[in-house]
Every structure is written in structure tokens, then in C-alpha cells.
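Beneath this line is the structure, given in C-alpha cells, with notes to follow.
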Amino acid sequence: MSSPAKPLPTRERLSEVRYEIRGELARRARELEAQGRRLIKLNIGNPGNFGFRAPEHLQRAIADDMGRTDPYTHQQGLPVAREAIAEAYARRGAPDAHADRVFLGNGVSELIDLSLRALLNPGDEVLVPSPDYPLWSAATILNDGRPVYYRCRPENGFQPDPVEIETLVSSRTRAIVLINPNNPSGASYPRELLEKIVAVARRHNLLLLVDEIYDQILYDGASFQPVAPLAGEHPCLTFSGLSKVHRACGWRVGWMLLSGAAERLGEFRAALDLLSALRLCANVPGQYAIEAAVNGPDTISALCAPGGRLYETRRAVIEACAASEHLQLVAPAGALYAFPAVVGPAAQGFDDHEFALELMNEEGVLVVPGSSFNVPYRHHFRVTLLPEAGTMREVFGRIDRVLARRAER
Ligand code: PLP
């Protein structure tokens with residue numbers, strides 16, 4: 001006898017997880033497009049959507065090796081790729097940067113989840129920046145942990161405060177997440193600040209989880225300080241990949257480097273081995289591009305320098321925000337985003353979701369509401385800096401029109 005049809009169950013904690021970069025607004029945008037509306041979609045940092053292509057030497061590296069990409073690789077990834085990554089980190093001063101400590105994944109996304117799965121027990125806490133790239137919160141929750149937010153306040157240039165971070169440490173805290181340069185704020189953190197955060201991690205025996213996927217996307221002389229060399233013997237996982245610096249996000253190529261003294265890592269290393277083995281290996285064709293990417297010519301700096309596409313778009317956004325009486329922007333030092341605040345009369349009773357919907361319906365521009373990045377305020381929004389400068393001037397004209405109407409209400 002068959003039982004009456006019932007809807008499938010789903011994991012309860014999913015109700016706590018949000019990923020609005022590709023959420024309800026993006027779905028609504030697709031509906032509008034299906035009805036023939038033309039939208040400017042600035043919700044995803046996806047270089048390929050804005051005319052960028054992966055550098056040719058990376059495309060060639062994959063094409064040349066395509067015939068060899070049929071087998072599974074070692075669970076951590078191809079040795080030649082891991083060696084190239086390890087050498088690059090060793091040149092930056094990361095301790096113990098050996099191929100054996102490098103894990104390749106299907107994008108940094110997979111490795112964020114894998115590392116938290118290896119670390120967390122139910123109820124463990126992870127110190128996550130606010131604003132954050134929301135996968136860090138989502139993966140913490142889905143691995144039975146609890147994100148505890150340390151504030152990176154706009155009035156402090158979105159810099160974290162190491163003293164505040166330390167006050168949030170509890171007996172359940174297991175790790176500190178750093179996203180540097182930061183998505184969504186664009187902040188990049190100076191060495192002295194990072195040293196203080198590393199000291200907090202040392203004092204409380206916390207794993208450092210350092211997302212450096214934007215490490216070479218820097219503007220106006222901003223410098224980048226990798227964390228692994230500062231952490232030294234202290235356990236640290238550094239994440240990066242081909243998605244942003246090399247504009248190849250569809251290839252799904254990411255990596256992480258485990259650093260720190262072996263005796264401090266305990267069973268964590270074995271946990272990473274097991275979880276890597278369970279997903280067999282990362283996408284193999286993509287792995288063949290890694291050596292060429294890491295050892296090949298620099299193709300990103302020119303885009304970030306005056307006259308370069310990203311630089312000029314960023315400049316257009318900074319100028320548009322400066323000229324607007326409704327917007328305030330902390331100029332991004334790095335990464336691919338701007339995170340302006342709405343200020344003045346237009347900000348009265350402001351709700352970032354309502355605004356984003358209005359902007360899309362009335363002016364055809366899709367942005368991400370700021371509260372999607374786990375901040376306790378609702379008057380920011382995020383745009384990607386990937387379109388051309390002219391498009392961005394048009395976009396900010398439209399944004400200003402919506403805000404001017406709101407200011408008059
Ligand atoms: N980390 C940060 C800070 C990101 O902004 C992104 C993507 O936007 C990712 C990780 C995911 O990158 P991947 O394409 O390597 O999965």
C-alpha cells in the first residue's frame with residue numbers, strides 16, 4: 001500500500017541561509033528579461049559577462065593539455081599546478097609552502113565549504129567580517145556553526161578593529177575569517193592591522209581562514225599584505241584562484257594553501273585529506289591552466305592602472321558618488337565592487353531591497369542590497385566595477401534619478 005504523497009523534507013538550517021547576489025531580485029530580473037526588458041545587471045562579479053576573457057596563454061594551456069585531462073587527478077590536484085602555487089606563496093614569504101600543503105578545488109567556493117566542514121562541530125563559532133562575502137556565513141551555518149560578526153565600519157574605511165574582534169572570542173570560537181581585499185567594501189588591510197589580528201588568533205588558538213581571491217586587484221598604489229607570512233607557525237588557510245585576477249570564473253579553479261607547524265594542525269590536515277578524497281578531485285581541464293597563470297605574464301595590473309578598464313570604471317563610480325548629494329562612498333582600494341551608502345533626505349525610511357526593486361523596475365538596473373552582506377543597516381548597495389566607465393556613468397545617473405524622487409517624497 002502506498003502512503004499519501006507528502007512534500008519532500010529539506011534541511012531546516014537552509015532557512016537561515018541567504019545568498020541574494022543570485023536571489024529573488026536576480027530571478028525577477030530574468031522574468032523581466034523574458035518579457036523583453038533590457039537590464040544592466042551589476043549583481044555578479046562575473047568578468048565574462050562584461051566582455052572579459054581569460055588571458056590567451058591560459059586558454060592555450062588548457063587546449064594543449066585537453067587530451068591529457070581524462071583521468072581523475074590526485075585528490076589535492078595535479079602536482080605541477082600545486083608546485084607552481086606553492087612556489088608563488090614561498091616567494092611571498094609563506095612558511096612551509098610545499099605542493100603537499102596545497103589543495104585544488106572547484107573554485108574557492110568549494111574549498112570554503114570543505115575547510116569549514118573539516119573544522120566545525122555543532123555550535124562552534126566563526127568570526128566573520130560584516131560586511132562579508134555571504135558564502136562564508138552560509139557555509140558556516142550549513143556546517144552546523146554560527147557566524148559571529150565583527151564590524152568593519154564605513155566610518156573607519158571598512159577596516160576591522162582587532163580589539164573588537166578579541167571581545168567576540170568565546171570558548172566556542174574556532175576561526176577568524178579575513179577577506180582581503182574585501183568583497184563588498186573594497187577595503188584592503190595594512191600589515192600592522194593584520195599583525196594584530198594574527199596575534200588575536202594566536203592568543204586564542206583560532207584557525208585563520210584568509211580569502212585573498214582579489215589579491216592582485218588593487219588601485220591607486222594600494223598595497224597587499226598576505227597573511228600566511230605573518231602567521232608563521234600559526235595555522236592558516238589561504239584561498240585564491242583563477243576566477244577574478246585571471247577572469248576565468250567559469251573554469252571553477254580555486255586553491256588553498258595550508259600553513260603552520262605540523263604539530264599545531266593536529267587532525268585538521270587529515271580531515272582535509274579525507275574530504276578532498278571524498279570529492280575525488282577538482283575539474284581537471286582547469287587545473288592545466290594553473291601553472292601558466294601563476295608563472296605567466298601579469299595581465300591584471302594594467303587593467304587596474306590609470307587608463308585601464310577597471311581603473312577608469314572605478315574612477316567613474318567615485319566621481320559619480322562625489323557629485324551626488326544622495327550618495328557617499330568609501331573608495332574601494334581593491335577588488336571588483338563599490339559599496340555606496342545612501343545619505344540625506346533620500347535615506348529617510350530607506351529600505352535597500354525596496355530601493356533595489358524600484359531601481360530595477362523603473363530604471364532597469366540590478367544592484368545587490370547592502371543587507372545581503374550581513375550588515376545591520378539597510379542603506380547601502382553593491383555594484384560590480386566590471387562594466388565600462390560609460391555604462392557606469394549612465395547607471396549612476398539612473399540611480400540618482402530614483403534617489404532624487406525618493407528625497408522629494
Ligand atoms: N571569495 C570571494 C571573496 C568572492 O568574492 C568570491 C566570488 O565572488 C569567491 C570567494 C568565490 O570564488 P570562486 O569563483 O573561486 O568560487
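How things are named: the first chain in the C-alpha cells is A, the next is B, and so on; residues count from 1 in each chain; ligands count from 1 in the order shown.
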Quick one: residues within 10 Å of ligand 1, with only C-alpha atoms and all ligand atoms, as a tab-separated table (two decimals) with C-alpha atoms, in the first residue's frame?
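Here's the written file out.tsv:
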```
chain	number	residue	atom	x	y	z
A	21	ILE	CA	23.58	38.02	-5.15
A	44	ILE	CA	27.60	39.40	-10.00
A	45	GLY	CA	31.37	39.87	-10.20
A	46	ASN	CA	31.47	37.74	-13.35
A	105	GLY	CA	39.11	22.84	-5.69
A	106	ASN	CA	36.21	23.65	-7.96
A	107	GLY	CA	36.56	27.34	-7.24
A	108	VAL	CA	37.31	28.87	-3.88
A	109	SER	CA	33.63	28.27	-3.15
A	110	GLU	CA	34.08	24.51	-2.80
A	111	LEU	CA	37.13	24.94	-0.60
A	112	ILE	CA	35.40	27.38	1.74
A	132	ASP	CA	31.09	39.68	4.32
A	133	TYR	CA	31.04	37.71	1.11
A	134	PRO	CA	27.92	35.77	2.17
A	135	LEU	CA	29.19	32.32	1.25
A	136	TRP	CA	31.37	32.48	4.37
A	178	LEU	CA	39.55	37.60	6.70
A	179	ILE	CA	38.56	38.72	3.21
A	180	ASN	CA	41.34	40.93	1.89
A	181	PRO	CA	40.89	42.87	-0.37
A	182	ASN	CA	37.31	42.78	0.70
A	183	ASN	CA	34.15	41.97	-1.18
A	184	PRO	CA	31.90	44.01	-0.98
A	210	VAL	CA	42.09	34.09	4.66
A	211	ASP	CA	40.24	34.72	1.42
A	212	GLU	CA	42.70	36.51	-0.86
A	213	ILE	CA	40.91	35.90	-4.17
A	214	TYR	CA	41.33	39.62	-5.08
A	239	PHE	CA	42.38	30.86	-0.52
A	240	SER	CA	42.68	32.12	-4.07
A	241	GLY	CA	42.01	31.03	-7.66
A	242	LEU	CA	41.57	31.93	-11.31
A	243	SER	CA	38.08	33.47	-11.14
A	244	LYS	CA	38.91	37.13	-10.64
A	247	ARG	CA	38.97	36.39	-15.29
A	248	ALA	CA	38.18	32.67	-15.66
A	249	CYS	CA	35.40	32.13	-13.12
A	250	GLY	CA	33.55	29.62	-15.29
A	251	TRP	CA	36.52	27.27	-15.21
A	252	ARG	CA	35.91	26.75	-11.48
A	253	VAL	CA	39.55	26.75	-10.40
A	254	GLY	CA	40.47	27.59	-6.82
A	255	TRP	CA	43.13	26.58	-4.37
A	335	ALA	CA	38.55	44.02	-5.64
A	336	LEU	CA	35.72	44.40	-8.14
A	337	TYR	CA	32.99	46.27	-6.27
```
Can you tell me, as a tab-separated table (two decimals) with N, CA and C atoms, in the first residue's frame, what residues are no more than 12 Å from Leu275 (chain A) when counting only C-alpha atoms, ignoring any on the same chain fewer than 5 positions away?
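The result, written out as selection-v3.tsv:
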```
chain	number	residue	atom	x	y	z
A	75	GLN	N	43.84	13.60	-5.31
A	75	GLN	CA	42.73	14.33	-4.67
A	75	GLN	C	43.04	15.80	-4.39
A	76	GLN	N	44.31	16.11	-4.18
A	76	GLN	CA	44.66	17.52	-3.93
A	76	GLN	C	44.87	18.29	-5.23
A	103	PHE	N	45.77	22.49	-1.84
A	103	PHE	CA	44.59	21.72	-2.24
A	103	PHE	C	43.87	22.48	-3.34
A	105	GLY	N	40.56	23.07	-5.81
A	105	GLY	CA	39.11	22.84	-5.69
A	105	GLY	C	38.36	23.42	-6.87
A	110	GLU	N	34.08	25.88	-3.32
A	110	GLU	CA	34.08	24.51	-2.80
A	110	GLU	C	35.00	24.38	-1.59
A	111	LEU	N	36.13	25.09	-1.66
A	111	LEU	CA	37.13	24.94	-0.60
A	111	LEU	C	36.72	25.65	0.69
A	113	ASP	N	33.66	25.71	1.78
A	113	ASP	CA	32.77	24.73	2.41
A	113	ASP	C	33.57	23.57	2.99
A	114	LEU	N	34.52	23.09	2.20
A	114	LEU	CA	35.32	21.92	2.63
A	114	LEU	C	36.10	22.24	3.90
A	115	SER	N	36.68	23.43	3.97
A	115	SER	CA	37.52	23.76	5.13
A	115	SER	C	36.66	23.90	6.39
A	116	LEU	N	35.47	24.48	6.23
A	116	LEU	CA	34.61	24.63	7.41
A	116	LEU	C	34.04	23.28	7.84
A	117	ARG	N	33.81	22.42	6.87
A	117	ARG	CA	33.32	21.07	7.19
A	117	ARG	C	34.38	20.28	7.96
A	118	ALA	N	35.64	20.56	7.61
A	118	ALA	CA	36.72	19.87	8.31
A	118	ALA	C	36.90	20.38	9.73
A	119	LEU	N	36.47	21.62	9.97
A	119	LEU	CA	36.80	22.28	11.24
A	119	LEU	C	35.70	22.20	12.29
A	268	PHE	N	43.56	18.18	11.73
A	268	PHE	CA	42.92	19.01	10.70
A	268	PHE	C	43.43	18.65	9.32
A	269	ARG	N	44.73	18.42	9.23
A	269	ARG	CA	45.32	18.06	7.93
A	269	ARG	C	44.66	16.77	7.38
A	270	ALA	N	44.53	15.78	8.26
A	270	ALA	CA	43.93	14.51	7.83
A	270	ALA	C	42.47	14.72	7.43
A	280	LEU	N	36.80	13.34	-4.82
A	280	LEU	CA	37.66	12.77	-5.87
A	280	LEU	C	38.75	13.73	-6.33
A	281	CYS	N	38.38	14.78	-7.06
A	281	CYS	CA	39.38	15.79	-7.44
A	281	CYS	C	38.64	16.99	-8.02
```
Using only C-alpha atoms, can you tell me which of A:Glu233, A:Asp215, A:Glu192, A:Asp124 comes closest to Ser170 (chain A)?
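Under the stated criterion, the closest residue is A:Asp124.
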With distances taken over only C-alpha atoms, which of A:Thr313, A:Gln287, A:Ser259, A:Thr173 is nearest to Val395 (chain A)?
A:Thr313
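What separates CA of Ile399 (chain A) from CA of Gly334 (chain A) is a distance of 22.9 Å.
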Determine which residues of region 273-317 of chain A receive a DSSP assignment of helix (DSSP H, G or I), computed from the backbone, and state them as a VMD selection string.
chain A and resid 273 to 278 284 to 287 290 to 295 301 to 304 309 to 317
Ranking A:Phe339, A:Tyr89, A:Tyr189, A:Tyr311 by minimum distance to Pro387 (chain A) and counting only C-alpha atoms, which one comes first?
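Of the candidates, the smallest distance to Pro387 (chain A) is held by A:Tyr311.
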Quick one, how far is CA of Val294 (chain A) from CA of Ala61 (chain A)?
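Pair CA of Val294 (chain A) / CA of Ala61 (chain A) returns 12.0 Å.
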Contacts of Val148 (chain A) within 8 Å, only C-alpha atoms, excl. fewer than 4 positions in-chain, as a JSON list (two decimals) with N, CA and C atoms, in the first residue's frame:
```
[["chain", "number", "residue", "atom", "x", "y", "z"],
["A", 125, "GLU", "N", 31.76, 28.51, 16.79],
["A", 125, "GLU", "CA", 31.59, 29.86, 16.24],
["A", 125, "GLU", "C", 32.75, 30.24, 15.34],
["A", 126, "VAL", "N", 32.41, 31.03, 14.32],
["A", 126, "VAL", "CA", 33.42, 31.54, 13.39],
["A", 126, "VAL", "C", 33.28, 33.05, 13.34],
["A", 127, "LEU", "N", 34.37, 33.77, 13.51],
["A", 127, "LEU", "CA", 34.33, 35.23, 13.43],
["A", 127, "LEU", "C", 34.40, 35.64, 11.98],
["A", 128, "VAL", "N", 33.34, 36.27, 11.51],
["A", 128, "VAL", "CA", 33.17, 36.60, 10.09],
["A", 128, "VAL", "C", 33.05, 38.12, 9.97],
["A", 168, "LEU", "N", 34.92, 39.40, 20.93],
["A", 168, "LEU", "CA", 33.90, 38.46, 20.44],
["A", 168, "LEU", "C", 34.32, 37.00, 20.59]]
```
Could you jot down the CA of Arg393 (chain A) to CA of Glu363 (chain A) separation for me, Å, one decimal place?
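Atom-to-atom, CA of Arg393 (chain A) and CA of Glu363 (chain A) are spaced 13.6 Å apart.
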Excluding same-chain residues fewer than 4 positions from Leu78 (chain A), what lies within 10 Å of it counting only C-alpha atoms, as an MDAnalysis selection string?
chainID A and resid 72:74 82:83 99 103:104 281:282 284 287:288 290
Which of these, A:Val402, A:Cys321, A:Cys304, A:Val200, has the shortest distance to Leu359 (chain A) once you count only C-alpha atoms?
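Ranking A:Val402, A:Cys321, A:Cys304, A:Val200 by distance to Leu359 (chain A), first place goes to A:Val402.
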Proximity of region 6-110 of chain A to region 219-225 of chain A: per-residue shortest pair, 12 Å limit, only C-alpha atoms, as CSV:
```
residue,atom,partner,partner_atom,distance
A:Tyr89,CA,A:Gln225,CA,12.0
A:Arg92,CA,A:Gln225,CA,9.2
A:Gly93,CA,A:Gln225,CA,10.5
A:Ala94,CA,A:Gln225,CA,11.2
```
Would you list the contacts of Leu265 (chain A) as a ChimeraX atom specification, taking every protein, DNA or RNA residue within 12 Å and counting only C-alpha atoms, but skipping same-chain residues closer than 6 positions in sequence?
/A:101,118-119,205-208,233-237,258-259,271-272
Which residue gives the smallest distance to Arg30 (chain A) among A:Met392, A:Met360, A:Val342, A:Ala84, with only C-alpha atoms counted?
A:Met360
